[in-house]
Amino acid sequence: MSCKDDDLTALAGSGRTVHRMARLAYPLSLFALCLAIAASWTVLVLMGVRIAAVDPRAAGPGVALLQHIPEIALPASFETFLSLCLAPVGAGNGWTAFFLLAFMWFLMAVAMMLPSAAPLLRTYCEIADTAARKGESVVHPVILVAGYLSVWLAASFGFAALALGAFRSFNGEAFLSPWTGHAGAIVLAIAGFYQFSALKEACLVKCRNPFATLFGRWSTRPAAIYRLGLQQGLWCLGCCWALMLVMLAVGLMNVFWMALLGVFTLAEKSGHSRVFTRVSGALLLVWALTLLVISF
C-alpha cells in the first residue's frame, strides 16, 4: 500500500509531511519493537545464567549450555537487581516481592508475545499509509503498541499474584523450580483443555486477522488508537494466557521453554488451521496425566 514518489506531488505540503512520517513509522517502530524484544531476552538469559549456577533444575534442559556461558562483568546495581529478581520471595516485604515478580512476568510477555504483534503493527502502518496518501493525519503506531503492552502489564500483576500466592500456600522451597505433582498437573491440564475451547478459537481468529478491527475502528485520535491497542492486547491475552501458565510447570526462569512457547505462539497466530492448536492441547493433557500418575 505504500505510495510512489510521483503520488506525493498530488498532496499539499502538509500532506506530504504526514505521508513521509507514516512511511517512516513502520521501520522505526519495528526497530523499537526488536530492540525491546532483544533487551527483554538479554535480561532473561542473564537471569537464566545466574540460576543455572545455583539451581540447575530450575534452569531447564539447556542448563549445561547456560553453565558454559562465561561470566559477564555487570554494574553492581544491575547485579543487585538480578539477585533480587532471582529470589523475589526473600527480597523484602510482600510488595517488593510482588512487584519484582510482576516485572519478571512482564519481561516474559515482551519476549514471548511481542514478536507475534509484528503483523498487527504492519497492518496498522499499511492502513496509516493509505490514510496519509489522502492527506489525513495519523497516530504514531507506538500508541497502538503501548495499548497492547498495557494489557500484558496488567496481566503480569495477575500472574505475579497467582505465583506468589501459590508459593506461600504450598510452602514451596524452590520458588523458580518447576511445579511438580498435583500443582503442575493442574496447570498443564488447564492449558491443555483451553486449547480446545471456543474462547481460545475466537481470540485466535481476532489475533490472526487484525485488519477488520483496525480498519473498522480507525481513528485519528490517540486515545482511540490506544483503545485499539488495548482491544488487540485483550484478544492476545485471551489467546495465550493459559500457555503462559505453562511456565509455572516448567520453571519461571526456564529460557528454553520461553523460547519454545514464543515460537509456538508466533506459529499458532500465523497459521490458519486448528490442527496445530489441538495437537498441542492433546500433548499438554498427556503431560498433565503423566505428571499426575507419577505423583502418586
# chains A, B, ... in the order shown; residues from 1 in each chain; ligands from 1
>>> closest_atom_pairs(of="stretch 156-252 of chain A", to="stretch 107-130 of chain A", cutoff="7 Å", atoms="only C-alpha atoms", output="Markdown table")
| residue | atom | partner | partner_atom | distance |
| --- | --- | --- | --- | --- |
| A:Pro210 | CA | A:Leu120 | CA | 6.0 |
| A:Phe211 | CA | A:Thr123 | CA | 6.3 |
| A:Leu214 | CA | A:Tyr124 | CA | 6.7 |
>>> closest_residue(among="A:Leu199, A:Val275, A:Met253, A:Ala131", to="A:Val43", atoms="only C-alpha atoms")
A:Met253
>>> select_by_dssp(residues="stretch 201-259 of chain A", states="alpha helix (DSSP H)", output="PyMOL selection string")
chain A and resi 201-208+210-216+222-250+255-259
>>> closest_residue(among="A:Phe296, A:Lys206, A:Val138, A:Ser40", to="A:Met258", atoms="only C-alpha atoms")
A:Ser40
>>> closest_residue(among="A:Leu284, A:Val279, A:Ala224, A:Leu230", to="A:Val250", atoms="only C-alpha atoms")
A:Leu284
>>> closest_residue(among="A:Ala242, A:Leu292, A:Val139, A:Leu35", to="A:Phe196", atoms="only C-alpha atoms")
A:Ala242
>>> residues_around(residues="A:Leu243", least_positions_apart="4", cutoff="12 Å", atoms="only C-alpha atoms", output="number ranges by chain")
A: 108-109, 112-113, 159, 187-195, 200, 236-239, 247-250, 257-258, 260-265, 268, 277, 280-281, 284
>>> write_last_selection(atoms="C-alpha atoms", output="mmCIF file, in the first residue's frame")
data_model
loop_
_atom_site.group_PDB
_atom_site.id
_atom_site.type_symbol
_atom_site.label_atom_id
_atom_site.label_comp_id
_atom_site.auth_asym_id
_atom_site.auth_seq_id
_atom_site.Cartn_x
_atom_site.Cartn_y
_atom_site.Cartn_z
ATOM 1 C CA MET A 108 8.478 -12.802 29.657
ATOM 2 C CA ALA A 109 5.394 -11.315 27.990
ATOM 3 C CA MET A 112 7.391 -14.238 24.148
ATOM 4 C CA MET A 113 4.292 -12.342 22.988
ATOM 5 C CA PHE A 159 0.300 -13.806 37.150
ATOM 6 C CA VAL A 187 -1.572 -26.066 35.454
ATOM 7 C CA LEU A 188 -0.861 -28.246 32.417
ATOM 8 C CA ALA A 189 -4.438 -29.568 32.332
ATOM 9 C CA ILE A 190 -5.852 -26.029 32.367
ATOM 10 C CA ALA A 191 -3.583 -25.043 29.481
ATOM 11 C CA GLY A 192 -4.398 -28.229 27.577
ATOM 12 C CA PHE A 193 -8.189 -28.001 27.913
ATOM 13 C CA TYR A 194 -8.147 -24.319 26.998
ATOM 14 C CA GLN A 195 -6.543 -25.153 23.653
ATOM 15 C CA LYS A 200 -9.468 -19.753 22.501
ATOM 16 C CA CYS A 236 -3.878 -11.791 22.536
ATOM 17 C CA LEU A 237 -4.198 -12.333 26.282
ATOM 18 C CA GLY A 238 -7.337 -14.399 25.720
ATOM 19 C CA CYS A 239 -5.401 -16.482 23.224
ATOM 20 C CA MET A 247 5.918 -21.544 32.676
ATOM 21 C CA LEU A 248 4.885 -22.418 36.225
ATOM 22 C CA ALA A 249 5.083 -26.123 35.392
ATOM 23 C CA VAL A 250 8.478 -25.914 33.644
ATOM 24 C CA TRP A 257 10.780 -23.137 27.353
ATOM 25 C CA MET A 258 10.251 -19.385 26.966
ATOM 26 C CA LEU A 260 9.811 -22.668 22.606
ATOM 27 C CA LEU A 261 6.496 -21.160 23.713
ATOM 28 C CA GLY A 262 7.361 -17.886 21.982
ATOM 29 C CA VAL A 263 7.975 -19.691 18.680
ATOM 30 C CA PHE A 264 4.820 -21.760 19.199
ATOM 31 C CA THR A 265 2.729 -18.623 19.796
ATOM 32 C CA GLU A 268 -0.052 -20.513 16.019
ATOM 33 C CA THR A 277 -3.606 -25.866 18.421
ATOM 34 C CA SER A 280 -0.537 -29.001 21.383
ATOM 35 C CA GLY A 281 -3.585 -29.239 23.644
ATOM 36 C CA LEU A 284 -0.351 -30.848 27.319
#
>>> closest_residue(among="A:Gly158, A:Gly184, A:Pro75, A:Pro178", to="A:Leu285", atoms="only C-alpha atoms")
A:Gly184
>>> atom_distance(atom1="atom CA of A:Ala155", atom2="atom CA of A:Leu289")
27.6 Å
>>> atom_distance(atom1="atom CA of A:Ser270", atom2="atom CA of A:Asn209")
9.5 Å
>>> atom_distance(atom1="atom CA of A:Leu149", atom2="atom CA of A:Phe99")
16.7 Å
